Amino acid sequence: AYQFIEKALELQLAGSLSMDHHLAPKASQIRWLNQQRQVKQMCLVSPSVPAKGLLAKLQPVKTTVQPEDMSGSKDFVDGWSDMAQEIRNSMS
């Protein structure tokens, strides 16, 4: 769901763990993502706080929680800008 911001931020999406954030990713998905990593450090963008077990399997990883609907924002522009900055911060 975050691919809309990928080009604007010049990001390279490594992959998605789940199409539905209510479903935990399978071990095969985690293994695939770890094998596809082009750099050791990764930023995980999630609509909710990820499980500690998942984070342990993806280390080293930084996270940022970003609701897809930008529900915490007053308008689209502010929401998009805030989301972009938080993702950038997670990557540094």
# chains A, B, ... in the order shown; residues from 1 in each chain; ligands from 1
$ select_by_dssp --residues "range 20-61 of chain A" --states "strand (DSSP E or B)" --output "list in words"
Met42, Cys43, Leu44, Val45, Ser46 and Val61 of chain A
$ write_last_selection --atoms "N, CA and C atoms" --output "PDB file, in the first residue's frame"
ATOM      1  N   MET A  42      17.549  -2.332   7.060  1.00  0.00           N
ATOM      2  CA  MET A  42      16.296  -2.175   6.341  1.00  0.00           C
ATOM      3  C   MET A  42      15.327  -1.363   7.188  1.00  0.00           C
ATOM      4  N   CYS A  43      14.406  -0.676   6.517  1.00  0.00           N
ATOM      5  CA  CYS A  43      13.347   0.066   7.188  1.00  0.00           C
ATOM      6  C   CYS A  43      12.031  -0.651   6.908  1.00  0.00           C
ATOM      7  N   LEU A  44      11.314  -1.009   7.953  1.00  0.00           N
ATOM      8  CA  LEU A  44      10.013  -1.654   7.830  1.00  0.00           C
ATOM      9  C   LEU A  44       8.935  -0.610   8.092  1.00  0.00           C
ATOM     10  N   VAL A  45       8.117  -0.358   7.083  1.00  0.00           N
ATOM     11  CA  VAL A  45       6.991   0.571   7.207  1.00  0.00           C
ATOM     12  C   VAL A  45       5.760  -0.284   7.451  1.00  0.00           C
ATOM     13  N   SER A  46       5.054   0.011   8.529  1.00  0.00           N
ATOM     14  CA  SER A  46       3.921  -0.818   8.924  1.00  0.00           C
ATOM     15  C   SER A  46       2.757   0.060   9.382  1.00  0.00           C
ATOM     16  N   VAL A  61      16.873  -4.003  11.531  1.00  0.00           N
ATOM     17  CA  VAL A  61      15.744  -3.315  10.918  1.00  0.00           C
ATOM     18  C   VAL A  61      15.295  -2.163  11.810  1.00  0.00           C
TER      19      VAL A  61
END
$ residues_around --residues "Pro50 in chain A" --least-positions-apart "6" --cutoff "10 Å" --atoms "only C-alpha atoms" --output "list in words"
His21, Ala24, Leu44, Thr63, Thr64 and Val65 of chain A
$ select_by_dssp --residues "range 40-73 of chain A" --states "alpha helix (DSSP H)" --output "number ranges by chain"
A: 52-58
$ residues_around --residues "range 37-39 of chain A" --least-positions-apart "4" --cutoff "9 Å" --atoms "only C-alpha atoms" --output "number ranges by chain"
A: 14, 32-33
$ residues_around --residues "Leu17 in chain A" --least-positions-apart "2" --cutoff "9 Å" --atoms "only C-alpha atoms" --output "JSON, numbers by chain"
{"A": [15, 19, 20, 21, 24, 25, 26, 29, 30, 33]}
$ write_last_selection --atoms "all heavy atoms" --output "PDB file, in the first residue's frame"
ATOM      1  N   GLY A  15      10.125  -5.471  -0.787  1.00  0.00           N
ATOM      2  CA  GLY A  15       9.047  -6.450  -0.842  1.00  0.00           C
ATOM      3  C   GLY A  15       8.009  -6.181   0.213  1.00  0.00           C
ATOM      4  O   GLY A  15       8.171  -5.305   1.054  1.00  0.00           O
ATOM      5  N   MET A  19      -0.253  -8.837   2.427  1.00  0.00           N
ATOM      6  CA  MET A  19      -1.216  -7.929   1.803  1.00  0.00           C
ATOM      7  C   MET A  19      -2.206  -7.416   2.845  1.00  0.00           C
ATOM      8  O   MET A  19      -2.821  -6.392   2.664  1.00  0.00           O
ATOM      9  CB  MET A  19      -1.972  -8.651   0.683  1.00  0.00           C
ATOM     10  CG  MET A  19      -1.069  -9.076  -0.464  1.00  0.00           C
ATOM     11  SD  MET A  19      -0.270  -7.691  -1.280  1.00  0.00           S
ATOM     12  CE  MET A  19      -1.640  -7.035  -2.192  1.00  0.00           C
ATOM     13  N   ASP A  20      -2.360  -8.135   3.921  1.00  0.00           N
ATOM     14  CA  ASP A  20      -3.303  -7.783   4.988  1.00  0.00           C
ATOM     15  C   ASP A  20      -2.523  -7.703   6.289  1.00  0.00           C
ATOM     16  O   ASP A  20      -2.001  -8.711   6.768  1.00  0.00           O
ATOM     17  CB  ASP A  20      -4.400  -8.838   5.075  1.00  0.00           C
ATOM     18  CG  ASP A  20      -5.459  -8.523   6.113  1.00  0.00           C
ATOM     19  OD1 ASP A  20      -5.256  -7.598   6.935  1.00  0.00           O
ATOM     20  OD2 ASP A  20      -6.492  -9.205   6.120  1.00  0.00           O
ATOM     21  N   HIS A  21      -2.426  -6.504   6.867  1.00  0.00           N
ATOM     22  CA  HIS A  21      -1.607  -6.348   8.072  1.00  0.00           C
ATOM     23  C   HIS A  21      -2.170  -7.080   9.281  1.00  0.00           C
ATOM     24  O   HIS A  21      -1.513  -7.167  10.313  1.00  0.00           O
ATOM     25  CB  HIS A  21      -1.369  -4.869   8.382  1.00  0.00           C
ATOM     26  CG  HIS A  21      -2.600  -4.111   8.759  1.00  0.00           C
ATOM     27  ND1 HIS A  21      -3.412  -3.533   7.823  1.00  0.00           N
ATOM     28  CD2 HIS A  21      -3.142  -3.850   9.960  1.00  0.00           C
ATOM     29  CE1 HIS A  21      -4.417  -2.943   8.442  1.00  0.00           C
ATOM     30  NE2 HIS A  21      -4.277  -3.112   9.730  1.00  0.00           N
ATOM     31  N   ALA A  24      -0.227 -12.487   9.961  1.00  0.00           N
ATOM     32  CA  ALA A  24       1.219 -12.579  10.171  1.00  0.00           C
ATOM     33  C   ALA A  24       1.875 -13.153   8.915  1.00  0.00           C
ATOM     34  O   ALA A  24       1.304 -14.022   8.253  1.00  0.00           O
ATOM     35  CB  ALA A  24       1.515 -13.479  11.364  1.00  0.00           C
ATOM     36  N   PRO A  25       3.069 -12.664   8.571  1.00  0.00           N
ATOM     37  CA  PRO A  25       3.757 -13.210   7.403  1.00  0.00           C
ATOM     38  C   PRO A  25       4.210 -14.643   7.667  1.00  0.00           C
ATOM     39  O   PRO A  25       4.480 -15.037   8.805  1.00  0.00           O
ATOM     40  CB  PRO A  25       4.950 -12.279   7.220  1.00  0.00           C
ATOM     41  CG  PRO A  25       5.143 -11.617   8.531  1.00  0.00           C
ATOM     42  CD  PRO A  25       3.804 -11.584   9.199  1.00  0.00           C
ATOM     43  N   LYS A  26       4.308 -15.416   6.594  1.00  0.00           N
ATOM     44  CA  LYS A  26       4.777 -16.799   6.684  1.00  0.00           C
ATOM     45  C   LYS A  26       6.297 -16.802   6.771  1.00  0.00           C
ATOM     46  O   LYS A  26       6.965 -15.856   6.337  1.00  0.00           O
ATOM     47  CB  LYS A  26       4.338 -17.571   5.448  1.00  0.00           C
ATOM     48  CG  LYS A  26       2.840 -17.676   5.302  1.00  0.00           C
ATOM     49  CD  LYS A  26       2.503 -18.383   4.004  1.00  0.00           C
ATOM     50  CE  LYS A  26       0.996 -18.388   3.807  1.00  0.00           C
ATOM     51  NZ  LYS A  26       0.640 -18.951   2.492  1.00  0.00           N
ATOM     52  N   GLN A  29       7.980 -16.101   3.524  1.00  0.00           N
ATOM     53  CA  GLN A  29       8.007 -14.691   3.125  1.00  0.00           C
ATOM     54  C   GLN A  29       9.161 -13.962   3.805  1.00  0.00           C
ATOM     55  O   GLN A  29       9.840 -13.144   3.185  1.00  0.00           O
ATOM     56  CB  GLN A  29       6.688 -14.014   3.472  1.00  0.00           C
ATOM     57  CG  GLN A  29       5.518 -14.507   2.642  1.00  0.00           C
ATOM     58  CD  GLN A  29       4.204 -13.994   3.184  1.00  0.00           C
ATOM     59  OE1 GLN A  29       3.832 -14.289   4.316  1.00  0.00           O
ATOM     60  NE2 GLN A  29       3.513 -13.224   2.370  1.00  0.00           N
ATOM     61  N   ILE A  30       9.366 -14.238   5.073  1.00  0.00           N
ATOM     62  CA  ILE A  30      10.465 -13.603   5.816  1.00  0.00           C
ATOM     63  C   ILE A  30      11.802 -14.054   5.236  1.00  0.00           C
ATOM     64  O   ILE A  30      12.703 -13.240   5.022  1.00  0.00           O
ATOM     65  CB  ILE A  30      10.360 -13.916   7.316  1.00  0.00           C
ATOM     66  CG1 ILE A  30       9.092 -13.279   7.881  1.00  0.00           C
ATOM     67  CG2 ILE A  30      11.602 -13.446   8.064  1.00  0.00           C
ATOM     68  CD1 ILE A  30       8.747 -13.720   9.285  1.00  0.00           C
ATOM     69  N   LEU A  33      12.386 -12.303   1.896  1.00  0.00           N
ATOM     70  CA  LEU A  33      12.754 -10.901   2.062  1.00  0.00           C
ATOM     71  C   LEU A  33      14.192 -10.770   2.536  1.00  0.00           C
ATOM     72  O   LEU A  33      14.953  -9.945   2.025  1.00  0.00           O
ATOM     73  CB  LEU A  33      11.807 -10.205   3.045  1.00  0.00           C
ATOM     74  CG  LEU A  33      12.051  -8.710   3.247  1.00  0.00           C
ATOM     75  CD1 LEU A  33      11.919  -7.952   1.934  1.00  0.00           C
ATOM     76  CD2 LEU A  33      11.085  -8.161   4.276  1.00  0.00           C
TER      77      LEU A  33
END
$ closest_residue --among "A:Pro60, A:Leu11, A:Pro47, A:His22" --to "Asn34 in chain A" --atoms "only C-alpha atoms"
A:Pro60
$ atom_distance --atom1 "CA of Val77 in chain A" --atom2 "CA of Gln12 in chain A"
22.3 Å
$ decode --residues "range 29-40 of chain A" --atoms "all heavy atoms" --output "short mmCIF file (atom, residue, chain, number, x, y, z; two decimals), in the first residue's frame"
data_model
loop_
_atom_site.label_atom_id
_atom_site.label_comp_id
_atom_site.auth_asym_id
_atom_site.auth_seq_id
_atom_site.Cartn_x
_atom_site.Cartn_y
_atom_site.Cartn_z
N GLN A 29 7.98 -16.10 3.52
CA GLN A 29 8.01 -14.69 3.13
C GLN A 29 9.16 -13.96 3.80
O GLN A 29 9.84 -13.14 3.18
CB GLN A 29 6.69 -14.01 3.47
CG GLN A 29 5.52 -14.51 2.64
CD GLN A 29 4.20 -13.99 3.18
OE1 GLN A 29 3.83 -14.29 4.32
NE2 GLN A 29 3.51 -13.22 2.37
N ILE A 30 9.37 -14.24 5.07
CA ILE A 30 10.47 -13.60 5.82
C ILE A 30 11.80 -14.05 5.24
O ILE A 30 12.70 -13.24 5.02
CB ILE A 30 10.36 -13.92 7.32
CG1 ILE A 30 9.09 -13.28 7.88
CG2 ILE A 30 11.60 -13.45 8.06
CD1 ILE A 30 8.75 -13.72 9.28
N ARG A 31 11.92 -15.36 4.97
CA ARG A 31 13.16 -15.89 4.39
C ARG A 31 13.43 -15.23 3.03
O ARG A 31 14.54 -14.79 2.75
CB ARG A 31 13.09 -17.40 4.26
CG ARG A 31 14.36 -18.02 3.73
CD ARG A 31 14.34 -19.55 3.68
NE ARG A 31 13.18 -20.07 2.96
CZ ARG A 31 12.14 -20.69 3.51
NH1 ARG A 31 12.10 -20.87 4.81
NH2 ARG A 31 11.15 -21.14 2.79
N TRP A 32 12.39 -15.12 2.19
CA TRP A 32 12.55 -14.51 0.87
C TRP A 32 13.02 -13.06 1.01
O TRP A 32 13.94 -12.64 0.31
CB TRP A 32 11.23 -14.57 0.10
CG TRP A 32 11.33 -13.93 -1.25
CD1 TRP A 32 11.72 -14.53 -2.41
CD2 TRP A 32 11.08 -12.56 -1.58
NE1 TRP A 32 11.72 -13.61 -3.44
CE2 TRP A 32 11.33 -12.40 -2.95
CE3 TRP A 32 10.65 -11.46 -0.84
CZ2 TRP A 32 11.17 -11.19 -3.59
CZ3 TRP A 32 10.49 -10.25 -1.48
CH2 TRP A 32 10.75 -10.12 -2.84
N LEU A 33 12.39 -12.30 1.90
CA LEU A 33 12.75 -10.90 2.06
C LEU A 33 14.19 -10.77 2.54
O LEU A 33 14.95 -9.95 2.02
CB LEU A 33 11.81 -10.21 3.04
CG LEU A 33 12.05 -8.71 3.25
CD1 LEU A 33 11.92 -7.95 1.93
CD2 LEU A 33 11.09 -8.16 4.28
N ASN A 34 14.60 -11.59 3.48
CA ASN A 34 15.98 -11.53 3.96
C ASN A 34 16.97 -11.89 2.86
O ASN A 34 18.06 -11.33 2.79
CB ASN A 34 16.16 -12.44 5.18
CG ASN A 34 15.69 -11.78 6.45
OD1 ASN A 34 15.79 -10.57 6.61
ND2 ASN A 34 15.15 -12.58 7.37
N GLN A 35 16.59 -12.80 1.97
CA GLN A 35 17.47 -13.18 0.86
C GLN A 35 17.55 -12.09 -0.21
O GLN A 35 18.55 -11.99 -0.91
CB GLN A 35 16.99 -14.49 0.22
CG GLN A 35 17.18 -15.68 1.11
CD GLN A 35 16.50 -16.94 0.56
OE1 GLN A 35 15.65 -16.88 -0.31
NE2 GLN A 35 16.88 -18.08 1.12
N GLN A 36 16.51 -11.29 -0.34
CA GLN A 36 16.45 -10.26 -1.37
C GLN A 36 17.08 -8.93 -0.93
O GLN A 36 17.21 -8.02 -1.75
CB GLN A 36 15.00 -9.99 -1.78
CG GLN A 36 14.29 -11.18 -2.35
CD GLN A 36 15.00 -11.78 -3.55
OE1 GLN A 36 15.38 -11.08 -4.46
NE2 GLN A 36 15.21 -13.08 -3.52
N ARG A 37 17.46 -8.82 0.30
CA ARG A 37 18.03 -7.57 0.81
C ARG A 37 19.26 -7.18 0.03
O ARG A 37 20.16 -7.97 -0.15
CB ARG A 37 18.44 -7.73 2.27
CG ARG A 37 17.32 -7.84 3.23
CD ARG A 37 17.90 -8.10 4.59
NE ARG A 37 17.48 -7.05 5.48
CZ ARG A 37 17.34 -7.22 6.78
NH1 ARG A 37 17.64 -8.35 7.35
NH2 ARG A 37 16.94 -6.23 7.53
N GLN A 38 19.29 -5.94 -0.42
CA GLN A 38 20.47 -5.45 -1.11
C GLN A 38 21.43 -4.76 -0.15
O GLN A 38 22.60 -4.61 -0.46
CB GLN A 38 20.05 -4.50 -2.23
CG GLN A 38 19.29 -5.23 -3.31
CD GLN A 38 18.93 -4.33 -4.46
OE1 GLN A 38 19.32 -3.17 -4.52
NE2 GLN A 38 18.18 -4.86 -5.39
N VAL A 39 20.93 -4.35 1.00
CA VAL A 39 21.75 -3.78 2.06
C VAL A 39 21.36 -4.45 3.36
O VAL A 39 20.25 -4.97 3.50
CB VAL A 39 21.58 -2.24 2.17
CG1 VAL A 39 22.11 -1.54 0.92
CG2 VAL A 39 20.15 -1.86 2.41
N LYS A 40 22.26 -4.43 4.32
CA LYS A 40 21.99 -5.12 5.58
C LYS A 40 20.87 -4.45 6.37
O LYS A 40 19.94 -5.09 6.83
CB LYS A 40 23.27 -5.18 6.41
CG LYS A 40 23.18 -6.09 7.59
CD LYS A 40 24.53 -6.27 8.27
CE LYS A 40 24.38 -7.24 9.41
NZ LYS A 40 25.64 -7.52 10.06
#
